[in-house]
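In what follows, a single structure is set out as structure tokens and then discussed.
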Amino acid sequence: MAQAAKTPVTMLRKTTLLRYLLENSKEKVACIVNDVASINIDAKLVRNDRNRARSDQVNTTADLADTIELANGCACCNLQDELFASFEQIMALADKRGEPYARIVLENSGVAEPQNIRDQFNEAMAAGHPLMQRVELDTLVTLVDSSSFIKDYSTKLPLASRPELGDGGNMRPVVDLLVEQVECADFVLLNKVDLLPGGVEGEALEQLSAIVSSLNPLATVIACEQAKPGSSKQHAETRAAQRFGIKSFVYHRRRPFHLKRLQDTVLRWLPVTHNKAVEPAAACEGDSPIKTVMRSKGFMWLSNKHTTAFYWSHAGQHFEIREEGDWWAAVPDEEWPDAASGQRGIILADFQPSVGDRRQEIVFIGAGMDEDKICAQLDSALLTDEELAVYNTKWSSLPDPEHEGAPM
């Protein structure tokens with residue numbers, strides 16, 4: 001007997017967009033509405049549609065969708081508990097009626113973190129959660145406020161200082177969440193384009209589209225007003241990026257950085273006001289090719305930590321380096337994913353003889369970047385041949401575990 005198709009899940013972050021989607025959809029859709037406020041306003045808005053006069057001749061969200069509400073909870077915090085229970089309620093309702101839903105929409109308000117939700121779905125899949133046999137997160141939609149995106153991207157304020165973004169904020173930078181929501185999305189809707197200089201035909205929208213597309217080249221970018229999608233801008237991405245000089249490249253090397261030299265020759269020049277890697281210093285005065293970078297992220301290998309992988313993250317006015325975990329080369333083989341999962345082959349693809357998966361792999365996005373000069377500045381912070389010989393001698397007494405299939 002063939003297995004029933006999984007019900008796709010779409011995640012979005014705006015009640016207005018949810019209403020527009022449901023009022024214009026011909027599919028049978030179920031909704032899970034979420035609000036981090038103490039009173040679940042989103043659910044009340046949806047359910048109040050029932051009180052409208054039928055003479056309005058307007059399809060309402062309540063007419064088109066069965067709705068489950070997450071009371072007093074953020075989906076990113078309660079995914080394995082309340083959110084998954086809500087999915088199970090919806091699937092049970094579909095089973096009882098004998099009519100499956102074409103799609104489930106998760107309305108994820110406030111400061112919920114989309115990457116966390118996507119990770120939780122992946123973890124549930126890997127753990128064999130039975131619900132994952134019936135639903136799958138297939139589309140993530142992010143709504144960007146076009147009128148304030150550049151200002152928010154440039155701010156150094158934490159989420160706690162922006163209550164309009166919703167409760168549950170903390171000291172995480174606003175720009176960090178903003179970038180995450182764009183980079184995780186399958187569709188990015190540029191809302192309030194009518195408030196930009198020149199509106200939908202203006203250069204400001206073209207420039208914003210180019211920036212967003214550079215942050216997430218795989219996403220479809222669509223301009224809209226009042227959360228109502230208009231025309232897609234995806235075909236103009238390349239031309240716009242070229243016009244404004246926005247491009248990207250990946251810096252890839254197989255030897256570690258000298259941390260002190262990296263701080264002195266590269267990190268102090270980053271165009272940020274909040275630099276956790278070289279606190280309390282801000283960006284140095286003067287010219288440096290790294291100052292043309294507006295976004296960079298990736299994995300780092302530092303000479304003072306042989307087994308630890310670090311994550312480089314720079315967006316807007318914020319930069320930090322944080323521990324990401326151990327390199328797979330340093331992890332015992334019995335703790336690796338099972339070969340049947342397909343993950344082992346992906347891990348081994350990053351291996352090279354003697355170094356394993358240790359590497360510098362950092363993507364840079366910016367306007368008017370000089371790739372050769374940025375790479376040269378980064379190269380100056382790598383260990384020299386003499387320093388690398390000392391490094392290898394130091395750590396030769398602690399060899400990596402053997403890994404079947406790894407290059408020797």
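Chain lettering (A, B, ...) mirrors the order of the structure tokens, residue numbering begins at 1 for each chain separately, and ligand numbering begins at 1 in order of display.
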
Would you mind writing down, as an MDAnalysis selection string, each residue of range 216-387 of chain A that DSSP on the backbone assigns to strand (DSSP E or B)?
-> chainID A and resid 220:225 228:232 246:253 257 274:275 293:300 302 308:315 318:326 352 356 360:367 382

Write out as a PDB file with all heavy atoms, in the first residue's frame which residues come within 12 Å of Ser354 in chain A when counting only C-alpha atoms, dropping same-chain ones fewer than 5 positions away.
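This went into part09.pdb:
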```
ATOM      1  N   ARG A 254      43.069  26.068   3.762  1.00  0.00           N
ATOM      2  CA  ARG A 254      43.234  24.863   4.569  1.00  0.00           C
ATOM      3  C   ARG A 254      44.393  24.975   5.545  1.00  0.00           C
ATOM      4  O   ARG A 254      45.153  24.040   5.746  1.00  0.00           O
ATOM      5  CB  ARG A 254      43.448  23.659   3.648  1.00  0.00           C
ATOM      6  CG  ARG A 254      42.176  23.207   2.942  1.00  0.00           C
ATOM      7  CD  ARG A 254      41.209  22.497   3.872  1.00  0.00           C
ATOM      8  NE  ARG A 254      40.022  22.027   3.175  1.00  0.00           N
ATOM      9  CZ  ARG A 254      39.168  21.143   3.648  1.00  0.00           C
ATOM     10  NH1 ARG A 254      39.376  20.617   4.843  1.00  0.00           N
ATOM     11  NH2 ARG A 254      38.099  20.787   2.963  1.00  0.00           N
ATOM     12  N   ARG A 255      44.519  26.129   6.170  1.00  0.00           N
ATOM     13  CA  ARG A 255      45.452  26.278   7.279  1.00  0.00           C
ATOM     14  C   ARG A 255      44.841  27.261   8.274  1.00  0.00           C
ATOM     15  O   ARG A 255      44.018  28.098   7.898  1.00  0.00           O
ATOM     16  CB  ARG A 255      46.848  26.709   6.830  1.00  0.00           C
ATOM     17  CG  ARG A 255      46.958  28.078   6.205  1.00  0.00           C
ATOM     18  CD  ARG A 255      48.446  28.432   6.005  1.00  0.00           C
ATOM     19  NE  ARG A 255      49.141  27.516   5.123  1.00  0.00           N
ATOM     20  CZ  ARG A 255      50.469  27.435   5.005  1.00  0.00           C
ATOM     21  NH1 ARG A 255      51.244  28.233   5.752  1.00  0.00           N
ATOM     22  NH2 ARG A 255      51.048  26.597   4.172  1.00  0.00           N
ATOM     23  N   ALA A 329      36.456  15.794  12.196  1.00  0.00           N
ATOM     24  CA  ALA A 329      37.689  15.008  12.238  1.00  0.00           C
ATOM     25  C   ALA A 329      38.074  14.624  13.663  1.00  0.00           C
ATOM     26  O   ALA A 329      38.706  13.580  13.889  1.00  0.00           O
ATOM     27  CB  ALA A 329      38.828  15.807  11.596  1.00  0.00           C
ATOM     28  N   ALA A 330      37.703  15.462  14.638  1.00  0.00           N
ATOM     29  CA  ALA A 330      38.070  15.210  16.037  1.00  0.00           C
ATOM     30  C   ALA A 330      37.023  14.398  16.788  1.00  0.00           C
ATOM     31  O   ALA A 330      37.212  14.073  17.958  1.00  0.00           O
ATOM     32  CB  ALA A 330      38.294  16.545  16.746  1.00  0.00           C
ATOM     33  N   ARG A 359      39.090  23.985   8.217  1.00  0.00           N
ATOM     34  CA  ARG A 359      39.206  24.878   7.060  1.00  0.00           C
ATOM     35  C   ARG A 359      38.748  26.285   7.412  1.00  0.00           C
ATOM     36  O   ARG A 359      38.072  26.514   8.413  1.00  0.00           O
ATOM     37  CB  ARG A 359      38.344  24.356   5.905  1.00  0.00           C
ATOM     38  CG  ARG A 359      36.844  24.340   6.211  1.00  0.00           C
ATOM     39  CD  ARG A 359      36.088  23.488   5.202  1.00  0.00           C
ATOM     40  NE  ARG A 359      34.642  23.546   5.371  1.00  0.00           N
ATOM     41  CZ  ARG A 359      33.957  22.827   6.248  1.00  0.00           C
ATOM     42  NH1 ARG A 359      34.582  22.005   7.076  1.00  0.00           N
ATOM     43  NH2 ARG A 359      32.631  22.928   6.313  1.00  0.00           N
ATOM     44  N   ASN A 392      51.750  21.707  13.758  1.00  0.00           N
ATOM     45  CA  ASN A 392      51.593  20.277  13.490  1.00  0.00           C
ATOM     46  C   ASN A 392      52.365  19.428  14.492  1.00  0.00           C
ATOM     47  O   ASN A 392      51.891  18.364  14.919  1.00  0.00           O
ATOM     48  CB  ASN A 392      52.049  19.957  12.066  1.00  0.00           C
ATOM     49  CG  ASN A 392      51.088  20.500  11.024  1.00  0.00           C
ATOM     50  OD1 ASN A 392      49.904  20.663  11.284  1.00  0.00           O
ATOM     51  ND2 ASN A 392      51.608  20.789   9.835  1.00  0.00           N
ATOM     52  N   TRP A 395      50.456  19.289  17.905  1.00  0.00           N
ATOM     53  CA  TRP A 395      49.238  18.487  17.988  1.00  0.00           C
ATOM     54  C   TRP A 395      49.412  17.064  17.475  1.00  0.00           C
ATOM     55  O   TRP A 395      48.456  16.283  17.505  1.00  0.00           O
ATOM     56  CB  TRP A 395      48.129  19.175  17.190  1.00  0.00           C
ATOM     57  CG  TRP A 395      47.701  20.482  17.796  1.00  0.00           C
ATOM     58  CD1 TRP A 395      47.968  21.730  17.331  1.00  0.00           C
ATOM     59  CD2 TRP A 395      46.953  20.656  19.008  1.00  0.00           C
ATOM     60  NE1 TRP A 395      47.436  22.671  18.164  1.00  0.00           N
ATOM     61  CE2 TRP A 395      46.796  22.052  19.213  1.00  0.00           C
ATOM     62  CE3 TRP A 395      46.394  19.778  19.946  1.00  0.00           C
ATOM     63  CZ2 TRP A 395      46.125  22.575  20.296  1.00  0.00           C
ATOM     64  CZ3 TRP A 395      45.713  20.297  21.029  1.00  0.00           C
ATOM     65  CH2 TRP A 395      45.574  21.681  21.209  1.00  0.00           C
ATOM     66  N   SER A 396      50.615  16.706  17.048  1.00  0.00           N
ATOM     67  CA  SER A 396      50.838  15.351  16.533  1.00  0.00           C
ATOM     68  C   SER A 396      50.679  14.292  17.611  1.00  0.00           C
ATOM     69  O   SER A 396      50.420  13.118  17.311  1.00  0.00           O
ATOM     70  CB  SER A 396      52.232  15.242  15.904  1.00  0.00           C
ATOM     71  OG  SER A 396      53.238  15.512  16.884  1.00  0.00           O
ATOM     72  N   PRO A 399      46.461  12.635  17.832  1.00  0.00           N
ATOM     73  CA  PRO A 399      45.935  12.419  16.477  1.00  0.00           C
ATOM     74  C   PRO A 399      44.406  12.292  16.479  1.00  0.00           C
ATOM     75  O   PRO A 399      43.788  11.934  17.486  1.00  0.00           O
ATOM     76  CB  PRO A 399      46.606  11.112  16.047  1.00  0.00           C
ATOM     77  CG  PRO A 399      46.869  10.390  17.343  1.00  0.00           C
ATOM     78  CD  PRO A 399      47.219  11.463  18.329  1.00  0.00           C
ATOM     79  N   ASP A 400      43.820  12.612  15.330  1.00  0.00           N
ATOM     80  CA  ASP A 400      42.368  12.458  15.188  1.00  0.00           C
ATOM     81  C   ASP A 400      41.984  10.989  15.195  1.00  0.00           C
ATOM     82  O   ASP A 400      42.775  10.114  14.791  1.00  0.00           O
ATOM     83  CB  ASP A 400      41.901  13.084  13.873  1.00  0.00           C
ATOM     84  CG  ASP A 400      42.028  14.594  13.864  1.00  0.00           C
ATOM     85  OD1 ASP A 400      41.918  15.193  14.943  1.00  0.00           O
ATOM     86  OD2 ASP A 400      42.215  15.166  12.768  1.00  0.00           O
ATOM     87  N   PRO A 401      40.766  10.654  15.616  1.00  0.00           N
ATOM     88  CA  PRO A 401      40.266   9.271  15.494  1.00  0.00           C
ATOM     89  C   PRO A 401      40.227   8.854  14.030  1.00  0.00           C
ATOM     90  O   PRO A 401      40.140   9.695  13.128  1.00  0.00           O
ATOM     91  CB  PRO A 401      38.852   9.354  16.093  1.00  0.00           C
ATOM     92  CG  PRO A 401      38.807  10.611  16.899  1.00  0.00           C
ATOM     93  CD  PRO A 401      39.761  11.555  16.219  1.00  0.00           C
ATOM     94  N   GLU A 402      40.314   7.564  13.781  1.00  0.00           N
ATOM     95  CA  GLU A 402      40.221   7.067  12.410  1.00  0.00           C
ATOM     96  C   GLU A 402      38.764   7.108  11.949  1.00  0.00           C
ATOM     97  O   GLU A 402      37.847   6.848  12.721  1.00  0.00           O
ATOM     98  CB  GLU A 402      40.771   5.642  12.325  1.00  0.00           C
ATOM     99  CG  GLU A 402      42.266   5.550  12.569  1.00  0.00           C
ATOM    100  CD  GLU A 402      42.795   4.156  12.329  1.00  0.00           C
ATOM    101  OE1 GLU A 402      41.982   3.293  11.946  1.00  0.00           O
ATOM    102  OE2 GLU A 402      44.002   3.944  12.535  1.00  0.00           O
ATOM    103  N   ALA A 406      37.697   8.275   5.026  1.00  0.00           N
ATOM    104  CA  ALA A 406      38.363   9.574   5.040  1.00  0.00           C
ATOM    105  C   ALA A 406      39.692   9.507   4.287  1.00  0.00           C
ATOM    106  O   ALA A 406      40.419   8.513   4.409  1.00  0.00           O
ATOM    107  CB  ALA A 406      38.589  10.046   6.464  1.00  0.00           C
ATOM    108  N   PRO A 407      40.044  10.522   3.504  1.00  0.00           N
ATOM    109  CA  PRO A 407      41.338  10.524   2.800  1.00  0.00           C
ATOM    110  C   PRO A 407      42.493  10.570   3.796  1.00  0.00           C
ATOM    111  O   PRO A 407      42.432  11.277   4.789  1.00  0.00           O
ATOM    112  CB  PRO A 407      41.271  11.785   1.940  1.00  0.00           C
ATOM    113  CG  PRO A 407      40.287  12.679   2.637  1.00  0.00           C
ATOM    114  CD  PRO A 407      39.275  11.773   3.256  1.00  0.00           C
ATOM    115  N   MET A 408      43.542   9.832   3.497  1.00  0.00           N
ATOM    116  CA  MET A 408      44.698   9.754   4.397  1.00  0.00           C
ATOM    117  C   MET A 408      45.806  10.702   3.934  1.00  0.00           C
ATOM    118  O   MET A 408      45.924  11.027   2.780  1.00  0.00           O
ATOM    119  CB  MET A 408      45.210   8.305   4.435  1.00  0.00           C
ATOM    120  CG  MET A 408      44.155   7.289   4.849  1.00  0.00           C
ATOM    121  SD  MET A 408      43.508   7.614   6.529  1.00  0.00           S
ATOM    122  CE  MET A 408      44.970   7.221   7.491  1.00  0.00           C
TER     123      MET A 408
END
```

Range 291-305 of chain A: which residues within 8 Å, counting only C-alpha atoms, same-chain residues fewer than 3 positions away excluded, as a VMD selection string?
-> chain A and resid 215 255 to 259 269 to 271 287 to 288 308 to 316 358 to 369 383 391

Give me every alpha helix (DSSP H) residue in range 209-398 of chain A, going by DSSP on the backbone, as a VMD selection string.
-> chain A and resid 209 to 215 237 to 243 259 to 265 343 to 348 371 to 379 385 to 395

Write out as a PyMOL selection string the residues lying within 7 Å of Asp357 in chain A, counting only C-alpha atoms and excluding same-chain residues fewer than 5 positions away.
-> chain A and resi 327-329+350-352

Distance query Val29 in chain A at most 10 Å, only C-alpha atoms, self and fewer than 4 positions along chain excluded, as a PyMOL selection string | chain A and resi 9+21-22+25+61+64-67+100-105

Just give me the gap between CA of Val182 in chain A and CA of Lys26 in chain A in Å, one decimal is fine.
->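 We find that CA of Val182 in chain A and CA of Lys26 in chain A lie 27.8 Å from each other.
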
Residues at most 12 Å from Glu183 in chain A, counting only C-alpha atoms, excluding those fewer than 6 positions away in the same chain, as number ranges by chain?
-> A: 113-115, 140-142, 144, 176-177, 211-221, 295, 297, 315

Writing out the chosen residues with N, CA and C atoms as an mmCIF file, in the first residue's frame:
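What landed in result-v2.cif:
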```cif
data_model
loop_
_atom_site.group_PDB
_atom_site.id
_atom_site.type_symbol
_atom_site.label_atom_id
_atom_site.label_comp_id
_atom_site.auth_asym_id
_atom_site.auth_seq_id
_atom_site.Cartn_x
_atom_site.Cartn_y
_atom_site.Cartn_z
ATOM 1 N N GLU A 113 12.273 32.641 15.924
ATOM 2 C CA GLU A 113 13.474 32.456 15.115
ATOM 3 C C GLU A 113 13.262 31.329 14.109
ATOM 4 N N PRO A 114 13.183 31.644 12.830
ATOM 5 C CA PRO A 114 12.854 30.628 11.830
ATOM 6 C C PRO A 114 13.887 29.521 11.710
ATOM 7 N N GLN A 115 15.175 29.842 11.852
ATOM 8 C CA GLN A 115 16.188 28.801 11.732
ATOM 9 C C GLN A 115 16.020 27.755 12.817
ATOM 10 N N LEU A 140 9.148 28.607 3.642
ATOM 11 C CA LEU A 140 9.286 29.617 4.685
ATOM 12 C C LEU A 140 9.221 30.993 4.018
ATOM 13 N N VAL A 141 8.275 31.810 4.468
ATOM 14 C CA VAL A 141 8.051 33.127 3.884
ATOM 15 C C VAL A 141 8.441 34.200 4.891
ATOM 16 N N THR A 142 9.277 35.131 4.480
ATOM 17 C CA THR A 142 9.673 36.253 5.319
ATOM 18 C C THR A 142 9.137 37.550 4.741
ATOM 19 N N VAL A 144 9.573 41.528 4.789
ATOM 20 C CA VAL A 144 10.528 42.583 5.121
ATOM 21 C C VAL A 144 9.839 43.937 5.041
ATOM 22 N N ASP A 176 20.867 40.681 13.622
ATOM 23 C CA ASP A 176 21.131 39.245 13.592
ATOM 24 C C ASP A 176 19.860 38.479 13.251
ATOM 25 N N LEU A 177 18.753 38.844 13.902
ATOM 26 C CA LEU A 177 17.477 38.195 13.609
ATOM 27 C C LEU A 177 16.988 38.562 12.210
ATOM 28 N N ILE A 211 20.114 43.856 -2.547
ATOM 29 C CA ILE A 211 20.711 43.526 -1.249
ATOM 30 C C ILE A 211 20.116 42.241 -0.700
ATOM 31 N N VAL A 212 18.785 42.142 -0.705
ATOM 32 C CA VAL A 212 18.117 40.952 -0.178
ATOM 33 C C VAL A 212 18.496 39.715 -0.987
ATOM 34 N N SER A 213 18.542 39.861 -2.311
ATOM 35 C CA SER A 213 18.912 38.729 -3.164
ATOM 36 C C SER A 213 20.355 38.303 -2.951
ATOM 37 N N SER A 214 21.219 39.243 -2.593
ATOM 38 C CA SER A 214 22.609 38.896 -2.293
ATOM 39 C C SER A 214 22.710 38.130 -0.984
ATOM 40 N N LEU A 215 21.871 38.495 -0.018
ATOM 41 C CA LEU A 215 21.859 37.776 1.260
ATOM 42 C C LEU A 215 21.317 36.365 1.095
ATOM 43 N N ASN A 216 20.372 36.188 0.156
ATOM 44 C CA ASN A 216 19.775 34.877 -0.076
ATOM 45 C C ASN A 216 19.505 34.702 -1.567
ATOM 46 N N PRO A 217 20.510 34.244 -2.320
ATOM 47 C CA PRO A 217 20.354 34.132 -3.781
ATOM 48 C C PRO A 217 19.306 33.116 -4.208
ATOM 49 N N LEU A 218 18.932 32.184 -3.318
ATOM 50 C CA LEU A 218 17.990 31.133 -3.685
ATOM 51 C C LEU A 218 16.538 31.538 -3.478
ATOM 52 N N ALA A 219 16.300 32.635 -2.763
ATOM 53 C CA ALA A 219 14.934 33.040 -2.461
ATOM 54 C C ALA A 219 14.305 33.782 -3.634
ATOM 55 N N THR A 220 12.984 33.656 -3.751
ATOM 56 C CA THR A 220 12.215 34.469 -4.682
ATOM 57 C C THR A 220 11.828 35.755 -3.958
ATOM 58 N N VAL A 221 12.155 36.896 -4.543
ATOM 59 C CA VAL A 221 11.893 38.197 -3.919
ATOM 60 C C VAL A 221 10.710 38.848 -4.624
ATOM 61 N N ARG A 295 28.077 41.809 4.667
ATOM 62 C CA ARG A 295 27.674 40.565 5.311
ATOM 63 C C ARG A 295 28.738 39.522 5.059
ATOM 64 N N LYS A 297 29.935 35.389 6.674
ATOM 65 C CA LYS A 297 29.647 34.299 7.614
ATOM 66 C C LYS A 297 30.350 33.041 7.140
ATOM 67 N N ALA A 315 27.128 41.043 10.320
ATOM 68 C CA ALA A 315 25.977 41.632 9.625
ATOM 69 C C ALA A 315 25.788 43.041 10.146
#
```

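Closest approach to Leu189 in chain A among A:Asp264, A:Glu335, A:Asp145, A:Glu123: A:Asp145, based on only C-alpha atoms.
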
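For the pair CA of Leu262 in chain A and CA of Asp326 in chain A, the interatomic distance is 21.0 Å.
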
Calculate how many Å separate CA of Ser209 in chain A from CA of Thr16 in chain A, rounding to one decimal.
->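 So the answer is 21.7 Å.
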